[in-house]
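Asker: Got structure.cif for you, mmCIF, C-alpha atoms:
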```
data_target
#
loop_
_atom_site.group_PDB
_atom_site.id
_atom_site.type_symbol
_atom_site.label_atom_id
_atom_site.label_comp_id
_atom_site.auth_asym_id
_atom_site.auth_seq_id
_atom_site.Cartn_x
_atom_site.Cartn_y
_atom_site.Cartn_z
ATOM 1 C CA MET A 1 -2.632 32.091 23.088
ATOM 2 C CA LYS A 2 -4.522 31.903 19.787
ATOM 3 C CA THR A 3 -1.469 30.398 18.112
ATOM 4 C CA LYS A 4 -1.320 27.630 20.734
ATOM 5 C CA LYS A 5 -5.003 26.841 20.205
ATOM 6 C CA ILE A 6 -4.542 26.672 16.439
ATOM 7 C CA ASN A 7 -1.514 24.398 16.807
ATOM 8 C CA LEU A 8 -3.464 22.139 19.185
ATOM 9 C CA ALA A 9 -6.402 21.990 16.783
ATOM 10 C CA ILE A 10 -4.053 21.139 13.895
ATOM 11 C CA SER A 11 -2.435 18.356 15.928
ATOM 12 C CA LEU A 12 -5.786 16.801 16.849
ATOM 13 C CA VAL A 13 -7.135 16.979 13.301
ATOM 14 C CA VAL A 14 -3.907 15.598 11.785
ATOM 15 C CA VAL A 15 -3.819 12.618 14.156
ATOM 16 C CA SER A 16 -7.521 11.883 13.547
ATOM 17 C CA THR A 17 -7.130 12.122 9.768
ATOM 18 C CA ILE A 18 -4.075 9.844 9.744
ATOM 19 C CA LEU A 19 -5.978 7.219 11.753
ATOM 20 C CA LEU A 20 -8.890 7.405 9.317
ATOM 21 C CA ILE A 21 -6.563 7.081 6.320
ATOM 22 C CA PHE A 22 -4.964 4.002 7.873
ATOM 23 C CA CYS A 23 -8.425 2.464 8.267
ATOM 24 C CA LEU A 24 -9.473 3.364 4.735
ATOM 25 C CA ARG A 25 -6.275 2.412 2.929
ATOM 26 C CA PRO A 26 -4.656 -0.460 4.810
ATOM 27 C CA PHE A 27 -1.199 -1.624 3.847
ATOM 28 C CA VAL A 28 -0.661 -3.942 0.908
ATOM 29 C CA PRO A 29 0.572 -7.375 2.045
ATOM 30 C CA ALA A 30 4.091 -6.625 0.754
ATOM 31 C CA PHE A 31 4.402 -3.971 3.463
ATOM 32 C CA PHE A 32 4.824 -6.656 6.120
ATOM 33 C CA SER A 33 7.990 -8.002 4.494
ATOM 34 C CA MET A 34 9.652 -4.595 4.053
ATOM 35 C CA SER A 35 12.572 -3.391 6.141
ATOM 36 C CA LEU A 36 11.911 -0.473 8.524
ATOM 37 C CA PRO A 37 13.438 2.283 6.291
ATOM 38 C CA TRP A 38 11.339 1.121 3.342
ATOM 39 C CA LYS A 39 8.220 0.984 5.518
ATOM 40 C CA ILE A 40 8.750 4.647 6.443
ATOM 41 C CA ILE A 41 9.296 5.629 2.793
ATOM 42 C CA TYR A 42 6.194 3.677 1.793
ATOM 43 C CA ILE A 43 4.023 5.403 4.392
ATOM 44 C CA ILE A 44 5.202 8.869 3.331
ATOM 45 C CA LEU A 45 4.792 8.268 -0.406
ATOM 46 C CA TYR A 46 1.633 6.177 -0.311
ATOM 47 C CA PHE A 47 -0.354 7.975 2.335
ATOM 48 C CA GLY A 48 1.186 11.409 1.728
ATOM 49 C CA TYR A 49 -0.742 13.266 4.389
ATOM 50 C CA PRO A 50 0.176 15.532 6.097
ATOM 51 C CA LEU A 51 3.460 16.239 4.272
ATOM 52 C CA LEU A 52 1.862 16.644 0.848
ATOM 53 C CA MET A 53 -0.618 19.166 2.249
ATOM 54 C CA ILE A 54 2.068 21.626 3.331
ATOM 55 C CA ALA A 55 2.886 22.882 -0.184
ATOM 56 C CA PRO A 56 -0.694 23.827 -1.210
ATOM 57 C CA ALA A 57 -1.243 25.423 2.212
ATOM 58 C CA VAL A 58 1.865 27.580 1.771
ATOM 59 C CA VAL A 59 0.836 28.625 -1.762
ATOM 60 C CA ILE A 60 -2.703 29.579 -0.743
ATOM 61 C CA ALA A 61 -1.452 31.416 2.367
ATOM 62 C CA SER A 62 1.078 33.347 0.253
ATOM 63 C CA ILE A 63 -1.656 34.537 -2.084
ATOM 64 C CA LEU A 64 -3.935 35.586 0.766
ATOM 65 C CA ALA A 65 -1.109 37.264 2.706
ATOM 66 C CA SER A 66 -0.194 39.373 -0.328
ATOM 67 C CA ILE A 67 -3.585 41.077 -0.157
ATOM 68 C CA PRO A 68 -3.253 44.282 1.947
ATOM 69 C CA TYR A 69 -5.108 44.098 5.262
ATOM 70 C CA LYS A 70 -4.938 46.645 8.134
ATOM 71 C CA ASN A 71 -1.357 47.544 7.232
ATOM 72 C CA ARG A 72 -0.095 44.302 8.742
ATOM 73 C CA PRO A 73 3.226 43.046 7.304
ATOM 74 C CA PHE A 74 3.294 40.066 4.959
ATOM 75 C CA GLN A 75 5.450 37.923 7.268
ATOM 76 C CA GLN A 76 3.068 38.346 10.196
ATOM 77 C CA ARG A 77 0.006 37.368 8.187
ATOM 78 C CA PHE A 78 1.718 34.596 6.243
ATOM 79 C CA GLY A 79 2.568 32.473 9.293
ATOM 80 C CA ARG A 80 -0.895 32.626 10.759
ATOM 81 C CA LEU A 81 -2.658 32.129 7.414
ATOM 82 C CA THR A 82 -0.530 29.061 6.663
ATOM 83 C CA ARG A 83 -1.715 27.412 9.864
ATOM 84 C CA TRP A 84 -5.342 28.344 9.212
ATOM 85 C CA VAL A 85 -5.280 27.121 5.602
ATOM 86 C CA PHE A 86 -3.613 23.865 6.626
ATOM 87 C CA LEU A 87 -6.247 23.412 9.350
ATOM 88 C CA CYS A 88 -9.085 24.031 6.878
ATOM 89 C CA ILE A 89 -7.673 21.521 4.371
ATOM 90 C CA SER A 90 -7.216 18.972 7.150
ATOM 91 C CA VAL A 91 -10.776 19.425 8.400
ATOM 92 C CA ILE A 92 -12.117 18.884 4.874
ATOM 93 C CA LEU A 93 -10.047 15.693 4.547
ATOM 94 C CA LEU A 94 -11.236 14.558 7.968
ATOM 95 C CA ILE A 95 -14.892 14.983 6.951
ATOM 96 C CA VAL A 96 -14.385 13.239 3.592
ATOM 97 C CA ASN A 97 -12.452 10.329 5.084
ATOM 98 C CA GLY A 98 -14.946 10.012 7.906
ATOM 99 C CA GLY A 99 -17.741 9.688 5.364
ATOM 100 C CA LEU A 100 -15.815 7.083 3.371
ATOM 101 C CA LEU A 101 -15.086 5.095 6.520
ATOM 102 C CA TYR A 102 -18.796 5.112 7.345
ATOM 103 C CA LEU A 103 -19.599 3.755 3.869
ATOM 104 C CA LYS A 104 -17.016 1.006 4.282
ATOM 105 C CA SER A 105 -18.172 0.034 7.764
ATOM 106 C CA SER A 106 -21.760 -0.171 6.502
ATOM 107 C CA GLY A 107 -20.684 -2.559 3.741
ATOM 108 C CA ARG A 108 -21.339 -0.178 0.866
ATOM 109 C CA ILE A 109 -17.645 -0.204 -0.041
ATOM 110 C CA PRO A 110 -15.805 -3.545 0.249
ATOM 111 C CA LEU A 111 -13.046 -3.716 2.844
ATOM 112 C CA PHE A 112 -9.577 -4.942 1.926
ATOM 113 C CA GLN A 113 -8.705 -7.842 4.191
ATOM 114 C CA LEU A 114 -5.488 -9.739 4.884
ATOM 115 C CA GLN A 115 -5.330 -13.400 5.765
ATOM 116 C CA LYS A 116 -2.741 -15.160 7.875
ATOM 117 C CA TYR A 117 -0.648 -17.510 5.780
ATOM 118 C CA ALA A 118 -0.550 -20.152 8.522
ATOM 119 C CA ASP A 119 -4.352 -20.464 8.406
ATOM 120 C CA ILE A 120 -4.461 -21.219 4.669
ATOM 121 C CA GLN A 121 -5.011 -24.819 3.594
ATOM 122 C CA GLY A 122 -3.438 -25.969 0.338
ATOM 123 C CA ASN A 123 -5.286 -28.170 -2.142
ATOM 124 C CA MET A 124 -4.781 -31.926 -2.422
ATOM 125 C CA ASP A 125 -4.775 -32.094 -6.248
ATOM 126 C CA ASP A 126 -1.940 -33.019 -8.571
ATOM 127 C CA ASN A 127 -0.291 -29.682 -9.405
ATOM 128 C CA SER A 128 2.493 -31.028 -11.618
ATOM 129 C CA ASN A 129 0.991 -29.182 -14.604
ATOM 130 C CA LEU A 130 1.978 -25.939 -12.879
ATOM 131 C CA HIS A 131 5.686 -26.733 -12.556
ATOM 132 C CA ALA A 132 6.493 -25.197 -15.945
ATOM 133 C CA GLY A 133 4.901 -22.927 -18.506
ATOM 134 C CA ARG A 134 3.752 -19.383 -19.098
ATOM 135 C CA PHE A 135 1.253 -17.786 -16.744
ATOM 136 C CA ARG A 136 -0.464 -14.451 -16.159
ATOM 137 C CA ASP A 137 -1.807 -12.712 -13.055
ATOM 138 C CA GLN A 138 -3.025 -9.201 -12.199
ATOM 139 C CA TYR A 139 0.538 -7.873 -12.072
ATOM 140 C CA GLY A 140 1.967 -9.224 -15.331
ATOM 141 C CA THR A 141 3.309 -12.435 -16.888
ATOM 142 C CA ILE A 142 5.204 -15.352 -15.362
ATOM 143 C CA LEU A 143 7.611 -17.700 -17.167
ATOM 144 C CA ARG A 144 8.394 -20.837 -15.155
ATOM 145 C CA TYR A 145 10.920 -23.428 -16.291
ATOM 146 C CA GLY A 146 13.129 -25.860 -14.360
ATOM 147 C CA ASN A 147 14.153 -24.175 -11.110
ATOM 148 C CA MET A 148 13.762 -20.654 -12.515
ATOM 149 C CA GLN A 149 10.840 -18.254 -12.647
ATOM 150 C CA THR A 150 10.857 -14.855 -14.351
ATOM 151 C CA GLU A 151 8.124 -12.317 -13.673
ATOM 152 C CA THR A 152 7.549 -9.422 -16.054
ATOM 153 C CA TYR A 153 5.333 -6.677 -14.668
ATOM 154 C CA LYS A 154 2.977 -4.541 -16.696
ATOM 155 C CA ASP A 155 5.405 -1.607 -16.603
ATOM 156 C CA GLY A 156 8.080 -3.771 -18.257
ATOM 157 C CA HIS A 157 10.104 -4.382 -15.091
ATOM 158 C CA THR A 158 11.476 -7.953 -14.845
ATOM 159 C CA GLU A 159 12.478 -9.940 -11.756
ATOM 160 C CA PRO A 160 14.116 -13.399 -11.732
ATOM 161 C CA TYR A 161 13.516 -16.029 -9.036
ATOM 162 C CA THR A 162 14.711 -19.495 -8.220
ATOM 163 C CA ILE A 163 11.767 -21.777 -7.476
ATOM 164 C CA THR A 164 11.736 -24.758 -5.119
ATOM 165 C CA TRP A 165 8.679 -26.948 -4.652
ATOM 166 C CA LEU A 166 8.279 -27.685 -0.940
ATOM 167 C CA SER A 167 5.249 -29.930 -1.414
ATOM 168 C CA SER A 168 2.634 -30.660 -4.045
ATOM 169 C CA ASN A 169 0.796 -27.417 -3.216
ATOM 170 C CA GLU A 170 3.491 -25.048 -1.978
ATOM 171 C CA TYR A 171 6.616 -23.541 -3.492
ATOM 172 C CA ARG A 172 9.296 -21.071 -2.465
ATOM 173 C CA LEU A 173 10.567 -18.187 -4.602
ATOM 174 C CA VAL A 174 13.952 -16.605 -3.894
ATOM 175 C CA ARG A 175 15.135 -13.521 -5.770
ATOM 176 C CA PRO A 176 18.631 -12.015 -5.943
ATOM 177 C CA HIS A 177 19.454 -9.358 -3.352
ATOM 178 C CA GLU A 178 19.545 -6.526 -5.908
ATOM 179 C CA TYR A 179 15.842 -7.084 -6.684
ATOM 180 C CA ASN A 180 14.623 -6.947 -3.073
ATOM 181 C CA ASN A 181 13.370 -3.326 -3.125
ATOM 182 C CA GLY A 182 13.559 -3.207 0.660
ATOM 183 C CA MET A 183 11.632 -6.455 1.102
ATOM 184 C CA GLY A 184 12.753 -9.948 2.027
ATOM 185 C CA ASP A 185 14.281 -12.110 -0.677
ATOM 186 C CA THR A 186 11.952 -15.084 -0.108
ATOM 187 C CA LEU A 187 8.286 -15.559 -1.003
ATOM 188 C CA LEU A 188 6.139 -18.558 -0.154
ATOM 189 C CA VAL A 189 3.211 -19.488 -2.362
ATOM 190 C CA LYS A 190 0.458 -21.934 -1.403
ATOM 191 C CA ILE A 191 -1.930 -23.284 -4.048
ATOM 192 C CA THR A 192 -5.507 -23.614 -2.838
ATOM 193 C CA ALA A 193 -7.257 -24.682 -6.063
ATOM 194 C CA ASN A 194 -6.125 -25.944 -9.473
ATOM 195 C CA HIS A 195 -8.712 -25.539 -12.211
ATOM 196 C CA GLY A 196 -6.446 -26.629 -15.061
ATOM 197 C CA SER A 197 -6.578 -23.406 -17.051
ATOM 198 C CA PHE A 198 -5.878 -21.318 -13.938
ATOM 199 C CA TYR A 199 -5.078 -21.762 -10.282
ATOM 200 C CA GLU A 200 -5.796 -19.910 -7.046
ATOM 201 C CA CYS A 201 -3.033 -19.283 -4.548
ATOM 202 C CA TYR A 202 -1.835 -17.134 -1.667
ATOM 203 C CA VAL A 203 1.506 -15.297 -1.677
ATOM 204 C CA LYS A 204 3.086 -14.848 1.754
ATOM 205 C CA PHE A 205 4.406 -11.454 2.891
ATOM 206 C CA GLY A 206 5.577 -11.566 6.494
ATOM 207 C CA LYS A 207 2.822 -13.427 8.350
ATOM 208 C CA TYR A 208 0.078 -12.257 5.997
ATOM 209 C CA ALA A 209 -0.822 -13.360 2.491
ATOM 210 C CA GLU A 210 -2.386 -11.946 -0.645
ATOM 211 C CA GLN A 211 -4.757 -14.017 -2.735
ATOM 212 C CA ARG A 212 -4.020 -14.272 -6.455
ATOM 213 C CA ILE A 213 -5.550 -15.956 -9.461
ATOM 214 C CA VAL A 214 -2.931 -17.133 -11.959
ATOM 215 C CA VAL A 215 -3.999 -18.032 -15.503
ATOM 216 C CA LYS A 216 -2.092 -20.652 -17.484
ATOM 217 C CA GLN A 217 -1.360 -19.515 -21.045
#
```
Represent the supplied structure as structure tokens.
Answerer:
Amino acid sequence: MKTKKINLAISLVVVSTILLIFCLRPFVPAFFSMSLPWKIIYIILYFGYPLLMIAPAVVIASILASIPYKNRPFQQRFGRLTRWVFLCISVILLIVNGGLLYLKSSGRIPLFQLQKYADIQGNMDDNSNLHAGRFRDQYGTILRYGNMQTETYKDGHTEPYTITWLSSNEYRLVRPHEYNNGMGDTLLVKITANHGSFYECYVKFGKYAEQRIVVKQ
């Protein structure tokens, strides 16, 4: 009976903690253009909990179970201690994440927000100065020439695209299939402001978009 209660408590705490984590660390826009298998991998690796909590719970329970107590065998104590340790870790995470969510909801920590691409209005300026050149954003450098664009990320990884201008303020990027990384091969970019030395734009992932500031070098 006690085991059932512990398992029920673990289930409730795990579900509550996962919901809090989802609220605290919403998906990056690229998530919405990923295929289902890559979405699952992303969730496991990025959010981690509860899978990543199993290993430390097992280690701590092993240490505690190795301490002699009322002549009970190691195997009997290990199973129960693992559940209790995992529950304790989960409760701590629940309290911490609950506090962080409160700070975010009160405005003390800025919330990450997504914007629908369809609601974004492009600028009406002449953007021909952006059709070619070298640029830089928060992810790395961009080399744009003719109908080609090459992006080099800060870790040294490079991805090529073909670029097609759909209008004066919007262009489409298409990358080869081998560079998809589980996401779609097409990106849409809408320019909202051109300041000469840099421009503001939104990059479309699924139906949502991420705002970027791109500096002309």
Asker: In Å, with one decimal, what is the gap from atom CA of A:Leu103 to atom CA of A:Leu87?
Answerer: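 About the pair atom CA of A:Leu103 and atom CA of A:Leu87: they are 24.4 Å apart.
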Asker: Name all residues at most 12 Å from stretch 7-10 of chain A (count all atoms listed in the file; drop same-chain ones fewer than 5 positions away) and give them as a list of chain:residue names.
Answerer: A:Met1, A:Lys2, A:Val15, A:Ser16, A:Thr17, A:Pro50, A:Gly79, A:Arg80, A:Thr82, A:Arg83, A:Trp84, A:Val85, A:Phe86, A:Leu87, A:Cys88, A:Ile89, A:Ser90, A:Val91, A:Leu94
Asker: Can you tell me how far atom CA of A:Ile120 sits from atom CA of A:Thr158, in Å to one decimal?
Answerer: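 Distance reported for this atom pair: 28.5 Å.
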Asker: Applied to the shown file, which residues does the PyMOL selection byres ((chain A and resi 150) around 6) return, written as a list of chain:residue names?
Answerer: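 Expected selection for the PyMOL selection byres ((chain A and resi 150) around 6) here is A:Ile142, A:Leu143, A:Gln149, A:Glu151, A:Glu159, A:Pro160.
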Asker: Spell out the residues picked by the PyMOL selection byres ((chain A and resi 117) around 12) here, as a list in words.
Answerer: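 Against this file, the PyMOL selection byres ((chain A and resi 117) around 12) returns the residues Pro29, Leu114, Gln115, Lys116, Ala118, Asp119, Ile120, Gln121, Gly122, Glu170, Leu187, Leu188, Val189, Lys190, Ile191, Thr192, Cys201, Tyr202, Val203, Lys204, Phe205, Gly206, Lys207, Tyr208, Ala209, Glu210 and Gln211 of chain A.
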Asker: Need the shell around A:Tyr153: protein/DNA/RNA residues with any atom at most 7 Å away, counting only C-alpha atoms. Skip same-chain ones fewer than 4 positions apart. Format as a PyMOL selection string?
Answerer: chain A and resi 139-141+157-158
Asker: Can you measure atom CA of A:Met148 to atom CA of A:Ser167 for me? One decimal in Å is fine.
Answerer: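 Calculated distance between atom CA of A:Met148 and atom CA of A:Ser167 is 16.8 Å.
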Asker: Just want the 8 Å neighbourhood of stretch 123-135 of chain A, counted on only C-alpha atoms, with same-chain residues fewer than 6 positions away dropped. Output as an MDAnalysis selection string.
Answerer: chainID A and resid 141:146 168:169 191:194 196 214:217
